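*Asks:* Below is upload.txt; it holds compact mmCIF, C-alpha atoms.
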# COMPACT_ATOMS: atom_id res chain seq x y z
CA MET A 61 -34.22 -29.33 -19.70
CA ASN A 62 -32.05 -30.20 -22.66
CA THR A 63 -31.52 -27.81 -25.55
CA SER A 64 -33.83 -29.51 -28.07
CA LYS A 65 -36.69 -29.69 -25.57
CA THR A 66 -36.10 -26.07 -24.66
CA GLN A 67 -36.24 -25.04 -28.30
CA LEU A 68 -39.40 -27.07 -28.93
CA PHE A 69 -41.05 -25.43 -25.95
CA LEU A 70 -40.02 -22.01 -27.14
CA VAL A 71 -41.27 -22.55 -30.67
CA ALA A 72 -44.58 -23.80 -29.30
CA SER A 73 -44.81 -20.85 -26.92
CA ILE A 74 -44.04 -18.27 -29.57
CA ALA A 75 -46.43 -19.88 -32.03
CA SER A 76 -49.16 -19.64 -29.41
CA VAL A 77 -48.89 -15.86 -29.21
CA MET A 78 -51.62 -14.55 -31.46
CA VAL A 79 -50.98 -11.46 -33.49
CA LEU A 80 -53.64 -9.57 -35.36
CA ALA A 81 -52.16 -8.31 -38.58
CA GLY A 82 -54.15 -5.39 -39.86
CA GLY A 83 -54.49 -4.25 -43.39
CA ALA A 84 -53.10 -0.75 -43.07
CA SER A 85 -51.43 0.44 -46.22
CA GLU A 86 -49.91 3.63 -47.44
CA GLN A 87 -51.79 5.83 -49.85
CA ALA A 88 -50.71 5.13 -53.41
CA PHE A 89 -49.00 7.90 -55.34
CA ALA A 90 -47.50 8.20 -58.80
CA HIS A 91 -43.82 7.47 -58.28
CA GLY A 92 -41.38 4.81 -59.43
CA GLY A 93 -37.98 3.66 -58.26
CA GLN A 94 -34.88 1.54 -58.32
CA VAL A 95 -33.17 -0.74 -55.80
CA PHE A 96 -29.39 -0.79 -55.33
CA GLY A 97 -27.46 -3.67 -53.77
CA PHE A 98 -24.07 -3.46 -52.07
CA ASN A 99 -21.94 -5.15 -49.42
CA LEU A 100 -21.09 -3.70 -46.00
CA PRO A 101 -17.44 -3.78 -44.84
CA ASN A 102 -18.29 -6.93 -42.86
CA GLY A 103 -19.45 -8.63 -46.08
CA GLU A 104 -23.18 -8.55 -45.38
CA HIS A 105 -25.42 -7.62 -48.31
CA ARG A 106 -27.75 -4.65 -48.09
CA LEU A 107 -30.23 -2.85 -50.37
CA ILE A 108 -31.20 0.79 -50.83
CA THR A 109 -34.53 1.80 -52.41
CA VAL A 110 -34.75 5.15 -54.24
CA ILE A 111 -38.26 6.35 -55.12
CA MET A 112 -38.54 9.22 -57.64
CA GLY A 113 -41.37 11.40 -58.92
CA HIS A 114 -42.83 14.88 -58.79
CA ASN A 115 -43.94 16.46 -55.55
CA SER A 116 -47.67 17.12 -55.27
CA GLU A 117 -48.88 14.78 -58.00
CA PRO A 118 -50.70 15.08 -60.33
CA THR A 119 -48.63 17.87 -61.83
CA ALA A 120 -49.75 20.78 -63.94
CA ALA A 121 -47.69 23.38 -65.76
CA GLN A 122 -47.43 26.96 -64.55
CA GLU A 123 -50.06 29.32 -65.89
CA SER A 124 -50.56 32.84 -64.68
CA GLY A 125 -53.52 33.22 -62.36
CA LYS A 126 -54.29 29.50 -62.43
CA HIS A 127 -51.41 27.36 -61.13
CA ASP A 128 -47.90 28.04 -59.88
CA GLY A 129 -46.37 24.88 -61.41
CA ASN A 130 -44.36 24.28 -58.24
CA HIS A 131 -43.56 20.56 -58.49
CA PRO A 132 -40.03 19.73 -57.30
CA MET A 133 -38.48 16.50 -58.49
CA GLU A 134 -38.50 14.47 -55.27
CA LEU A 135 -36.74 11.40 -53.97
CA PHE A 136 -37.47 9.11 -51.03
CA ILE A 137 -34.38 7.10 -50.07
CA ARG A 138 -34.63 4.20 -47.63
CA ASP A 139 -32.89 1.10 -46.39
CA THR A 140 -34.93 -1.57 -48.20
CA ARG A 141 -34.92 -4.25 -45.47
CA THR A 142 -35.78 -2.05 -42.50
CA GLY A 143 -37.58 0.94 -44.00
CA LEU A 144 -35.20 3.30 -42.16
CA ASP A 145 -34.68 6.62 -43.93
CA LEU A 146 -31.27 7.46 -45.33
CA ALA A 147 -30.76 11.10 -44.44
CA GLU A 148 -27.37 11.91 -45.97
CA ALA A 149 -26.70 12.02 -49.70
CA ASP A 150 -24.64 13.90 -52.24
CA LEU A 151 -26.75 13.96 -55.41
CA THR A 152 -27.32 16.01 -58.57
CA VAL A 153 -29.88 15.66 -61.33
CA ASP A 154 -29.77 16.14 -65.09
CA LYS A 155 -33.18 17.28 -66.36
CA TYR A 156 -34.80 16.41 -69.67
CA TYR A 157 -37.84 17.98 -71.35
CA TYR A 158 -39.76 17.22 -74.57
CA LYS A 159 -42.71 19.29 -75.67
CA ASN A 160 -44.63 16.41 -77.25
CA ASP A 161 -44.41 12.85 -78.51
CA LYS A 162 -42.85 13.97 -81.79
CA ASP A 163 -39.94 15.67 -80.01
CA PHE A 164 -39.48 12.67 -77.74
CA ASN A 165 -39.38 10.27 -80.70
CA LYS A 166 -36.74 12.44 -82.38
CA ALA A 167 -34.61 12.16 -79.24
CA VAL A 168 -35.02 8.38 -79.26
CA ASP A 169 -33.37 8.38 -82.69
CA LYS A 170 -30.76 11.08 -82.11
CA GLY A 171 -29.97 10.63 -78.42
CA PHE A 172 -31.31 12.18 -75.21
CA LYS A 173 -29.69 15.48 -74.25
CA PRO A 174 -30.40 17.19 -70.90
CA LYS A 175 -31.77 20.73 -70.76
CA VAL A 176 -30.10 21.23 -67.38
CA LYS A 177 -27.06 19.41 -66.01
CA TYR A 178 -26.01 18.84 -62.39
CA ALA A 179 -28.95 20.59 -60.74
CA GLU A 180 -28.81 20.50 -56.95
CA VAL A 181 -30.73 17.81 -55.06
CA GLY A 182 -31.14 18.85 -51.42
CA ALA A 183 -32.55 17.25 -48.28
CA VAL A 184 -36.00 18.43 -47.17
CA HIS A 185 -35.66 20.05 -43.76
CA GLY A 186 -37.18 18.02 -40.95
CA ASP A 187 -38.06 15.06 -43.17
CA PRO A 188 -35.19 12.53 -43.18
CA GLY A 189 -34.82 10.51 -46.39
CA HIS A 190 -36.81 13.04 -48.46
CA TYR A 191 -34.99 15.08 -51.12
CA PHE A 192 -36.04 17.87 -53.52
CA ALA A 193 -34.70 19.38 -56.72
CA ARG A 194 -36.80 22.54 -56.56
CA GLN A 195 -38.34 23.78 -59.78
CA ILE A 196 -41.35 25.33 -61.47
CA LEU A 197 -42.72 23.19 -64.29
CA ALA A 198 -43.06 25.95 -66.86
CA GLU A 199 -44.61 24.06 -69.76
CA PRO A 200 -46.83 21.04 -70.32
CA GLY A 201 -44.91 18.09 -71.71
CA ILE A 202 -42.65 15.15 -71.07
CA TYR A 203 -40.20 15.45 -68.16
CA GLY A 204 -37.33 13.07 -67.34
CA TYR A 205 -34.57 12.96 -64.74
CA HIS A 206 -31.19 11.33 -64.29
CA VAL A 207 -30.02 11.40 -60.67
CA THR A 208 -26.43 10.47 -59.85
CA GLY A 209 -24.18 10.65 -56.80
CA THR A 210 -23.85 8.80 -53.52
CA VAL A 211 -26.04 7.94 -50.55
CA ASN A 212 -24.37 7.54 -47.19
CA TYR A 213 -25.37 4.27 -45.55
CA PHE A 214 -25.70 5.12 -41.86
CA GLY A 215 -22.22 6.56 -41.53
CA VAL A 216 -20.48 3.41 -42.69
CA MET A 217 -20.01 3.90 -46.42
CA ASP A 218 -21.09 5.88 -49.49
CA VAL A 219 -23.16 3.91 -52.00
CA PRO A 220 -23.21 5.04 -55.68
CA ILE A 221 -26.69 5.83 -57.00
CA ASP A 222 -27.82 6.12 -60.65
CA VAL A 223 -31.56 6.63 -61.18
CA LYS A 224 -32.90 7.51 -64.63
CA ALA A 225 -36.52 7.69 -65.73
CA ILE A 226 -38.95 9.71 -67.82
CA CYS A 227 -42.63 10.26 -67.16
CA ARG A 228 -44.68 7.21 -67.98
CA ASP A 229 -47.00 8.72 -70.61
CA SER A 230 -44.14 9.30 -73.03
CA PRO A 231 -44.32 7.12 -76.18
CA ASP A 232 -41.52 4.73 -75.13
CA PRO A 233 -40.29 5.19 -71.53
CA SER A 234 -38.08 2.10 -71.78
CA ALA A 235 -35.96 3.90 -74.38
CA PHE A 236 -34.93 6.37 -71.67
CA ASN A 237 -35.30 4.60 -68.31
CA ASN A 238 -32.65 2.55 -66.58
CA PRO A 239 -33.50 -1.15 -67.05
CA SER A 240 -34.09 -1.72 -63.32
CA TRP A 241 -36.61 1.14 -63.02
CA PHE A 242 -40.06 0.09 -61.78
CA GLY A 243 -43.34 1.99 -61.55
CA GLY A 244 -43.66 5.48 -62.95
CA PHE A 245 -44.67 9.11 -62.51
CA GLY A 246 -47.05 11.17 -64.57
CA CYS A 247 -46.28 13.61 -67.39
CA THR A 248 -47.39 17.23 -67.07
CA PRO A 249 -50.57 18.38 -68.82
CA ASP A 250 -51.92 21.86 -69.42
CA ILE A 251 -53.83 23.10 -66.38
CA ASP A 252 -56.96 23.49 -68.55
CA ASP A 253 -56.87 19.82 -69.64
CA GLY A 254 -58.52 18.78 -66.42
CA LYS A 255 -61.38 21.26 -66.55
CA PHE A 256 -64.89 19.90 -66.39
CA PRO A 257 -67.00 20.75 -68.24
CA GLY A 258 -64.32 21.73 -70.70
CA LYS A 259 -66.48 23.89 -72.94
CA LYS A 260 -69.28 26.28 -72.23
CA VAL A 261 -72.46 24.30 -71.63
CA LYS A 262 -75.64 25.44 -73.32
CA HIS A 263 -78.29 25.74 -70.61
CA ASP A 264 -82.02 25.70 -71.06
CA LYS A 265 -83.59 29.11 -70.99
CA ASP A 266 -85.50 28.44 -67.78
CA ASP A 267 -82.36 27.48 -65.80
CA MET B 269 -21.25 3.87 5.03
CA THR B 270 -19.51 0.77 3.73
CA ILE B 271 -17.92 0.61 0.29
CA LEU B 272 -20.45 -2.05 -0.68
CA LYS B 273 -23.35 0.27 0.22
CA GLN B 274 -21.78 3.14 -1.65
CA ASN B 275 -21.38 0.92 -4.71
CA ARG B 276 -24.98 -0.19 -4.48
CA ILE B 277 -26.22 3.38 -4.31
CA SER B 278 -24.00 4.35 -7.24
CA MET B 279 -25.33 1.42 -9.22
CA ILE B 280 -28.96 2.26 -8.50
CA ALA B 281 -28.43 5.93 -9.25
CA GLY B 282 -26.55 5.14 -12.45
CA THR B 283 -29.25 2.81 -13.67
CA ALA B 284 -31.95 5.34 -12.86
CA ILE B 285 -30.14 8.11 -14.73
CA LEU B 286 -29.53 5.83 -17.67
CA THR B 287 -33.18 4.81 -17.82
CA ILE B 288 -34.40 8.40 -17.71
CA ALA B 289 -31.87 9.45 -20.32
CA LEU B 290 -32.97 6.65 -22.62
CA ALA B 291 -36.62 7.38 -22.10
CA PHE B 292 -36.37 11.05 -22.91
CA GLY B 293 -33.12 11.42 -24.78
CA GLY B 294 -32.69 9.18 -27.75
CA PHE B 295 -29.05 9.88 -28.52
CA SER B 296 -27.47 8.80 -25.28
CA PHE B 297 -24.90 6.28 -26.30
CA ALA B 298 -23.33 6.96 -29.63
CA SER B 299 -24.03 8.75 -32.83
CA HIS B 300 -26.08 6.63 -35.19
CA SER B 301 -27.19 8.17 -38.43
CA PHE B 302 -30.03 5.66 -38.74
CA GLU B 303 -31.78 7.19 -35.74
CA ALA B 304 -34.06 9.93 -36.97
CA GLY B 305 -35.75 10.35 -33.59
CA VAL B 306 -39.35 11.45 -33.29
CA ALA B 307 -40.78 14.15 -35.51
CA GLU B 308 -40.87 17.61 -34.00
CA GLY B 309 -43.98 18.18 -31.91
CA THR B 310 -44.54 14.51 -31.11
CA ILE B 311 -43.65 12.46 -28.04
CA PRO B 312 -42.02 9.02 -28.25
CA ASP B 313 -43.94 6.01 -26.98
CA ASN B 314 -42.27 4.55 -23.91
CA THR B 315 -42.90 1.18 -22.28
CA HIS B 316 -41.26 0.50 -18.93
CA ILE B 317 -41.58 -3.05 -17.59
CA ARG B 318 -40.44 -4.14 -14.14
CA LEU B 319 -39.16 -7.70 -14.10
CA ASP B 320 -38.54 -7.93 -10.35
CA GLY B 321 -40.29 -10.81 -8.64
CA MET B 322 -40.59 -12.84 -11.82
CA THR B 323 -39.02 -16.26 -12.24
CA LEU B 324 -38.74 -17.21 -15.89
CA PRO B 325 -38.50 -21.00 -16.21
CA ALA B 326 -36.15 -22.71 -18.62
CA GLY B 327 -37.69 -22.36 -22.05
CA GLY B 328 -40.05 -19.67 -20.81
CA VAL B 329 -41.13 -16.74 -22.96
CA PHE B 330 -42.11 -13.30 -21.65
CA PRO B 331 -43.74 -11.10 -24.32
CA LEU B 332 -42.76 -7.44 -23.85
CA TYR B 333 -44.09 -5.46 -26.78
CA ASP B 334 -46.35 -5.91 -29.78
CA ALA B 335 -46.89 -3.09 -32.27
CA SER B 336 -48.42 -5.23 -35.06
CA PRO B 337 -49.21 -4.51 -37.80
CA ASN B 338 -46.67 -1.69 -37.59
CA TYR B 339 -42.97 -2.29 -37.62
CA VAL B 340 -41.17 0.35 -35.62
CA SER B 341 -37.83 1.91 -34.74
CA GLY B 342 -36.57 2.85 -31.31
CA HIS B 343 -34.43 1.87 -28.35
CA PHE B 344 -34.33 -1.21 -26.13
CA LEU B 345 -32.86 -1.16 -22.62
CA LEU B 346 -32.44 -4.24 -20.44
CA THR B 347 -31.05 -4.65 -16.95
CA SER B 348 -30.61 -8.31 -16.15
CA PRO B 349 -28.52 -10.75 -14.16
CA CYS B 350 -25.50 -11.46 -16.31
CA GLU B 351 -22.50 -13.69 -16.91
CA LEU B 352 -19.21 -13.38 -18.74
CA VAL B 353 -19.21 -13.77 -22.49
CA ASP B 354 -17.29 -16.89 -23.53
CA GLY B 355 -13.57 -16.20 -23.60
CA GLU B 356 -13.62 -13.40 -21.03
CA THR B 357 -11.51 -13.91 -17.90
CA GLY B 358 -13.46 -11.91 -15.34
CA ASP B 359 -10.36 -10.30 -13.87
CA ASP B 360 -10.78 -6.77 -15.29
CA PRO B 361 -14.18 -5.06 -14.84
CA ASP B 362 -13.13 -2.28 -17.24
CA ASN B 363 -12.46 -4.70 -20.05
CA ASP B 364 -14.61 -7.76 -19.42
CA THR B 365 -17.77 -8.12 -21.49
CA TYR B 366 -20.93 -9.62 -20.04
CA GLN B 367 -24.08 -11.12 -21.52
CA PRO B 368 -27.56 -11.29 -19.95
CA LEU B 369 -28.73 -14.63 -18.61
CA VAL B 370 -32.01 -14.03 -20.40
CA THR B 371 -32.15 -13.65 -24.21
CA ALA B 372 -33.95 -10.77 -25.91
CA ILE B 373 -35.48 -11.52 -29.30
CA ALA B 374 -37.32 -9.31 -31.77
CA GLY B 375 -39.02 -9.51 -35.15
CA HIS B 376 -42.54 -10.48 -36.06
CA ILE B 377 -44.75 -13.23 -34.66
CA ASP B 378 -47.51 -14.06 -37.09
CA GLU B 379 -50.52 -16.30 -36.84
CA HIS B 380 -49.15 -17.92 -39.99
CA ALA B 381 -45.92 -19.73 -39.17
CA SER B 382 -44.56 -18.78 -42.60
CA GLY B 383 -44.80 -15.11 -41.64
CA THR B 384 -42.99 -15.48 -38.30
CA HIS B 385 -39.43 -14.18 -38.07
CA MET B 386 -37.65 -13.72 -34.71
CA GLU B 387 -33.94 -13.15 -34.14
CA PRO B 388 -31.79 -12.27 -31.12
CA ILE B 389 -31.34 -8.51 -30.68
CA PRO B 390 -27.72 -7.37 -31.02
CA LEU B 391 -26.99 -5.85 -27.59
CA PHE B 392 -24.41 -3.33 -26.42
CA TYR B 393 -23.03 -3.96 -22.94
CA ILE B 394 -22.70 -0.76 -20.87
CA ASN B 395 -20.06 -1.54 -18.29
CA THR B 396 -20.00 1.94 -16.71
CA VAL B 397 -23.36 1.40 -15.01
CA SER B 398 -23.26 -2.38 -14.59
CA SER B 399 -22.70 -4.31 -11.38
CA PRO B 400 -19.49 -6.12 -12.43
CA LYS B 401 -17.79 -2.71 -12.45
CA LEU B 402 -19.80 -1.05 -9.68
CA ALA B 403 -20.22 -3.90 -7.21
CA GLY B 404 -17.97 -6.71 -8.37
CA ASN B 405 -20.79 -9.11 -9.18
CA GLY B 406 -23.05 -10.13 -12.06
CA ASN B 407 -26.31 -9.19 -10.39
CA GLN B 408 -27.28 -6.38 -12.70
CA CYS B 409 -25.84 -5.59 -16.12
CA VAL B 410 -27.15 -2.89 -18.42
CA PHE B 411 -27.62 -3.62 -22.12
CA HIS B 412 -28.82 -1.33 -24.87
CA ALA B 413 -29.93 -1.92 -28.45
CA HIS B 414 -31.24 -0.07 -31.47
CA ILE B 415 -34.46 -1.35 -32.98
CA PRO B 416 -33.79 -2.22 -35.76
CA ASP B 417 -30.01 -2.25 -36.15
CA PRO B 418 -29.36 -2.23 -39.93
CA LEU B 419 -25.61 -2.55 -39.42
CA ASN B 420 -25.13 -5.20 -36.75
CA GLY B 421 -27.87 -7.75 -37.32
CA GLY B 422 -31.15 -8.84 -35.83
CA ALA B 423 -34.54 -8.80 -37.48
CA PRO B 424 -34.91 -5.96 -40.00
CA ARG B 425 -38.59 -5.30 -39.28
CA VAL B 426 -39.71 -5.39 -35.65
CA THR B 427 -43.29 -5.60 -34.46
CA ASP B 428 -42.68 -7.87 -31.45
CA ILE B 429 -40.09 -8.01 -28.66
CA ASP B 430 -39.85 -10.91 -26.19
CA LEU B 431 -37.58 -12.29 -23.50
CA VAL B 432 -36.79 -16.00 -23.64
CA ASN B 433 -34.89 -18.22 -21.25
CA LEU B 434 -32.33 -20.30 -23.14
CA SER B 435 -30.12 -20.85 -20.10
CA GLY B 436 -31.50 -24.27 -19.19
CA ALA B 437 -32.32 -23.16 -15.63
CA ASN B 438 -34.74 -20.79 -13.91
CA ILE B 439 -33.85 -17.10 -14.08
CA GLU B 440 -34.91 -15.05 -11.06
CA PHE B 441 -35.34 -11.31 -11.61
CA LYS B 442 -34.85 -9.02 -8.66
CA SER B 443 -35.17 -5.38 -7.75
CA GLY B 444 -33.80 -3.12 -10.47
CA HIS B 445 -34.26 -5.59 -13.30
CA ILE B 446 -36.29 -3.85 -15.97
CA VAL B 447 -36.94 -3.49 -19.68
CA ASP B 448 -37.50 -0.10 -21.25
CA ILE B 449 -38.68 0.14 -24.85
CA ASN B 450 -38.79 3.55 -26.47
CA VAL B 451 -40.51 3.62 -29.87
CA GLN B 452 -39.77 6.69 -31.95
CA ARG B 453 -41.12 5.97 -35.41
CA VAL B 454 -43.49 3.72 -37.28
CA LEU B 455 -41.57 2.58 -40.35
CA GLY B 456 -44.33 0.69 -42.13
CA SER B 457 -46.90 -2.09 -41.98
CA ILE B 458 -45.92 -5.74 -41.86
CA ALA B 459 -48.96 -6.32 -44.06
CA ASP B 460 -47.16 -4.42 -46.84
CA ASP B 461 -43.69 -5.84 -46.15
CA PRO B 462 -44.29 -9.31 -44.71
CA TYR B 463 -41.73 -11.92 -43.81
CA GLU B 464 -42.03 -14.90 -46.10
CA ASN B 465 -40.89 -18.53 -46.25
CA GLY B 466 -40.76 -18.80 -42.46
CA PRO B 467 -40.87 -19.61 -39.72
CA VAL B 468 -37.45 -18.20 -38.86
CA VAL B 469 -36.93 -18.48 -35.10
CA ASP B 470 -33.25 -18.06 -34.21
CA LEU B 471 -32.87 -19.32 -30.65
CA THR B 472 -29.25 -18.46 -30.01
CA ARG B 473 -27.97 -16.11 -27.31
CA ASN B 474 -27.67 -12.39 -28.04
CA VAL B 475 -24.53 -11.19 -29.80
CA ILE B 476 -22.89 -8.72 -27.40
CA TYR B 477 -20.99 -5.63 -28.52
CA ASP B 478 -18.81 -3.57 -26.19
CA LEU B 479 -17.55 -0.13 -27.11
CA ASN B 480 -15.79 0.40 -23.81
CA ASP B 481 -13.27 -2.42 -23.65
CA ASP B 482 -9.89 -2.71 -25.34
CA ASP B 483 -11.17 -5.24 -27.88
CA LYS B 484 -12.09 -3.36 -31.06
CA ASN B 485 -13.36 -6.53 -32.73
CA ASN B 486 -16.60 -6.39 -30.73
CA ASP B 487 -17.48 -2.75 -31.49
CA GLY B 488 -19.82 -3.52 -34.38
CA LEU B 489 -20.37 -1.14 -37.28
CA GLY B 490 -21.37 2.48 -37.34
CA HIS B 491 -20.44 3.78 -33.92
CA SER B 492 -18.57 6.92 -33.09
CA SER B 493 -16.56 7.23 -29.90
CA GLN B 494 -19.08 9.52 -28.20
Write the structure described by the file as structure tokens, please.
*Replies:*
Amino acid sequence: MNTSKTQLFLVASIASVMVLAGGASEQAFAHGGQVFGFNLPNGEHRLITVIMGHNSEPTAAQESGKHDGNHPMELFIRDTRTGLDLAEADLTVDKYYYKNDKDFNKAVDKGFKPKVKYAEVGAVHGDPGHYFARQILAEPGIYGYHVTGTVNYFGVMDVPIDVKAICRDSPDPSAFNNPSWFGGFGCTPDIDDGKFPGKKVKHDKDD
Amino acid sequence: MTILKQNRISMIAGTAILTIALAFGGFSFASHSFEAGVAEGTIPDNTHIRLDGMTLPAGGVFPLYDASPNYVSGHFLLTSPCELVDGETGDDPDNDTYQPLVTAIAGHIDEHASGTHMEPIPLFYINTVSSPKLAGNGNQCVFHAHIPDPLNGGAPRVTDIDLVNLSGANIEFKSGHIVDINVQRVLGSIADDPYENGPVVDLTRNVIYDLNDDDKNNDGLGHSSQ
């Protein structure tokens, strides 16, 4: 059989194999991200996706007897094409905080200054590609992060990473975020904001 | 016992050990940082397929594995009749590199042609347990691959694995010819990350890498010496 006939037969055979594609999808969660492109030593182009947000969304600030405020800044880092986790990285994070919209707007005019610089970003044990900057969110407000460093691409090379974003309910996230940032993560309300009913309800006497 | 018999026993034993190691090990051949392995407390999914007794006609396709809609990561092991890669002389079993007569392809086969994407799997030839070294013939070569291989090519998202015969003649599989597929992780759903603008069906022979010969140009990327 000549090559073209062989190929035709193969295409027809493969096309005849029926595959049922299901609709499984991952649960949505409030995170955003950036994609970084680079070239391997052999010249082939590759992409890395970095997803950033708070662990255990939605967040709430610490309040004694009500909530511990334990919401690490978390990253999920993957090879974009394959979905394989990237388990080695050398990263730090600068942390930003604004109490309210007024403070944020002041920073837009005067420049954003981090509250904490070069905080450690560490790998989560037993969960490749998942990274934490551990923290207690002490106050309600507007939180932002600037992650820099390198991600090791499967032992072949280190790829520079620069991810910068602020929570999406701030007055103007685009003033802070890197231009290629997509999606978003939530700001941190007071734990009592979500109470329902929020005020004491007046019941009928016969209740 | 003749030397030929001793070689045959060595070959069979070597292949058996290799298969068991692949099925239950996961890090048998080299250190690859893209292999996370299975999560603690879970067991990898293993599919062992005997090919002996099958004749695959020219142009024939033999589907091996279908995990749709999930695309997965794992290992692929093939023992197959083999022939020298173009340019090899065949005079040094320690340095010659062989390719399987049959071609292994992987990717996603979709009911919609536009969503179909299949490419040859980049294969690593393991000469230490292959018949050119053990018995002086091309009856049974051992090949190994990583599914997917982000560094050395092939389809990035794999739901389907097939054998195809691109040789132009029948391929007869005999005793000891097998495929072993060890799936360690589900990486996502092809419904969320579909192939588009297809069909892409690359019907070329497998690219063969060889870490054990003197040629360093066919080592591929990302492999340590262990």
*Asks:* Could you list, as an MDAnalysis selection string, every residue within 12 Å of Ser124 (chain A), counting only C-alpha atoms and ignoring same-chain residues fewer than 3 positions away?
*Replies:* chainID A and resid 121 127:129 198:199 251:252
*Asks:* Counting all atoms listed in the file, find the residues whose atoms lie at most 7 Å from (-42.1, 23.1, -58.6) (file coordinates) and write them out as a list of chain:residue names.
*Replies:*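 The residues near that point, listed by chain and number, are A:Gly129, A:Asn130, A:His131, A:Pro132, A:Arg194, A:Gln195, A:Ile196, A:Leu197.
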*Asks:* Kindly provide, as JSON, the centre and edge lengths (Å, one decimal) of an axis-aligned box around all atoms of region 206-217 of chain A given in the file, with 4 Å on each side.
*Replies:*
{"center_x": -25.6, "center_y": 7.4, "center_z": -52.9, "size_x": 19.2, "size_y": 16.0, "size_z": 30.8}
*Asks:* When you look at Pro233 (chain A) with a cut-off of 10 Å (counting only C-alpha atoms), what residues show up, excluding the ones that are within fewer than 6 positions of it in the same chain? I need them as an MDAnalysis selection string.
*Replies:* chainID A and resid 164 168 204 225:227 244
*Asks:* Near chain A, meaning an atom within 9 Å, which residues of chain B appear when counting only C-alpha atoms? Write them as a PDB file with C-alpha atoms, in the coordinates of the input.
*Replies:*
ATOM      1  CA  HIS B 300     -26.080   6.630 -35.190  1.00  0.00           C
ATOM      2  CA  SER B 301     -27.190   8.170 -38.430  1.00  0.00           C
ATOM      3  CA  PHE B 302     -30.030   5.660 -38.740  1.00  0.00           C
ATOM      4  CA  GLU B 303     -31.780   7.190 -35.740  1.00  0.00           C
ATOM      5  CA  ALA B 304     -34.060   9.930 -36.970  1.00  0.00           C
ATOM      6  CA  ALA B 307     -40.780  14.150 -35.510  1.00  0.00           C
ATOM      7  CA  GLU B 308     -40.870  17.610 -34.000  1.00  0.00           C
ATOM      8  CA  ALA B 326     -36.150 -22.710 -18.620  1.00  0.00           C
ATOM      9  CA  GLY B 327     -37.690 -22.360 -22.050  1.00  0.00           C
ATOM     10  CA  GLY B 328     -40.050 -19.670 -20.810  1.00  0.00           C
ATOM     11  CA  VAL B 329     -41.130 -16.740 -22.960  1.00  0.00           C
ATOM     12  CA  PRO B 331     -43.740 -11.100 -24.320  1.00  0.00           C
ATOM     13  CA  ASP B 334     -46.350  -5.910 -29.780  1.00  0.00           C
ATOM     14  CA  SER B 336     -48.420  -5.230 -35.060  1.00  0.00           C
ATOM     15  CA  PRO B 337     -49.210  -4.510 -37.800  1.00  0.00           C
ATOM     16  CA  ASN B 338     -46.670  -1.690 -37.590  1.00  0.00           C
ATOM     17  CA  TYR B 339     -42.970  -2.290 -37.620  1.00  0.00           C
ATOM     18  CA  SER B 341     -37.830   1.910 -34.740  1.00  0.00           C
ATOM     19  CA  HIS B 376     -42.540 -10.480 -36.060  1.00  0.00           C
ATOM     20  CA  ILE B 377     -44.750 -13.230 -34.660  1.00  0.00           C
ATOM     21  CA  ASP B 378     -47.510 -14.060 -37.090  1.00  0.00           C
ATOM     22  CA  GLU B 379     -50.520 -16.300 -36.840  1.00  0.00           C
ATOM     23  CA  HIS B 380     -49.150 -17.920 -39.990  1.00  0.00           C
ATOM     24  CA  ALA B 381     -45.920 -19.730 -39.170  1.00  0.00           C
ATOM     25  CA  THR B 384     -42.990 -15.480 -38.300  1.00  0.00           C
ATOM     26  CA  PRO B 416     -33.790  -2.220 -35.760  1.00  0.00           C
ATOM     27  CA  ASP B 417     -30.010  -2.250 -36.150  1.00  0.00           C
ATOM     28  CA  PRO B 418     -29.360  -2.230 -39.930  1.00  0.00           C
ATOM     29  CA  LEU B 419     -25.610  -2.550 -39.420  1.00  0.00           C
ATOM     30  CA  ALA B 423     -34.540  -8.800 -37.480  1.00  0.00           C
ATOM     31  CA  PRO B 424     -34.910  -5.960 -40.000  1.00  0.00           C
ATOM     32  CA  ARG B 425     -38.590  -5.300 -39.280  1.00  0.00           C
ATOM     33  CA  VAL B 426     -39.710  -5.390 -35.650  1.00  0.00           C
ATOM     34  CA  VAL B 432     -36.790 -16.000 -23.640  1.00  0.00           C
ATOM     35  CA  ASN B 433     -34.890 -18.220 -21.250  1.00  0.00           C
ATOM     36  CA  LEU B 434     -32.330 -20.300 -23.140  1.00  0.00           C
ATOM     37  CA  SER B 435     -30.120 -20.850 -20.100  1.00  0.00           C
ATOM     38  CA  GLY B 436     -31.500 -24.270 -19.190  1.00  0.00           C
ATOM     39  CA  ALA B 437     -32.320 -23.160 -15.630  1.00  0.00           C
ATOM     40  CA  LEU B 455     -41.570   2.580 -40.350  1.00  0.00           C
ATOM     41  CA  GLY B 456     -44.330   0.690 -42.130  1.00  0.00           C
ATOM     42  CA  SER B 457     -46.900  -2.090 -41.980  1.00  0.00           C
ATOM     43  CA  ILE B 458     -45.920  -5.740 -41.860  1.00  0.00           C
ATOM     44  CA  ALA B 459     -48.960  -6.320 -44.060  1.00  0.00           C
ATOM     45  CA  ASP B 460     -47.160  -4.420 -46.840  1.00  0.00           C
ATOM     46  CA  ASP B 461     -43.690  -5.840 -46.150  1.00  0.00           C
ATOM     47  CA  VAL B 469     -36.930 -18.480 -35.100  1.00  0.00           C
ATOM     48  CA  LEU B 471     -32.870 -19.320 -30.650  1.00  0.00           C
ATOM     49  CA  LEU B 489     -20.370  -1.140 -37.280  1.00  0.00           C
ATOM     50  CA  GLY B 490     -21.370   2.480 -37.340  1.00  0.00           C
ATOM     51  CA  HIS B 491     -20.440   3.780 -33.920  1.00  0.00           C
TER      52      HIS B 491
END
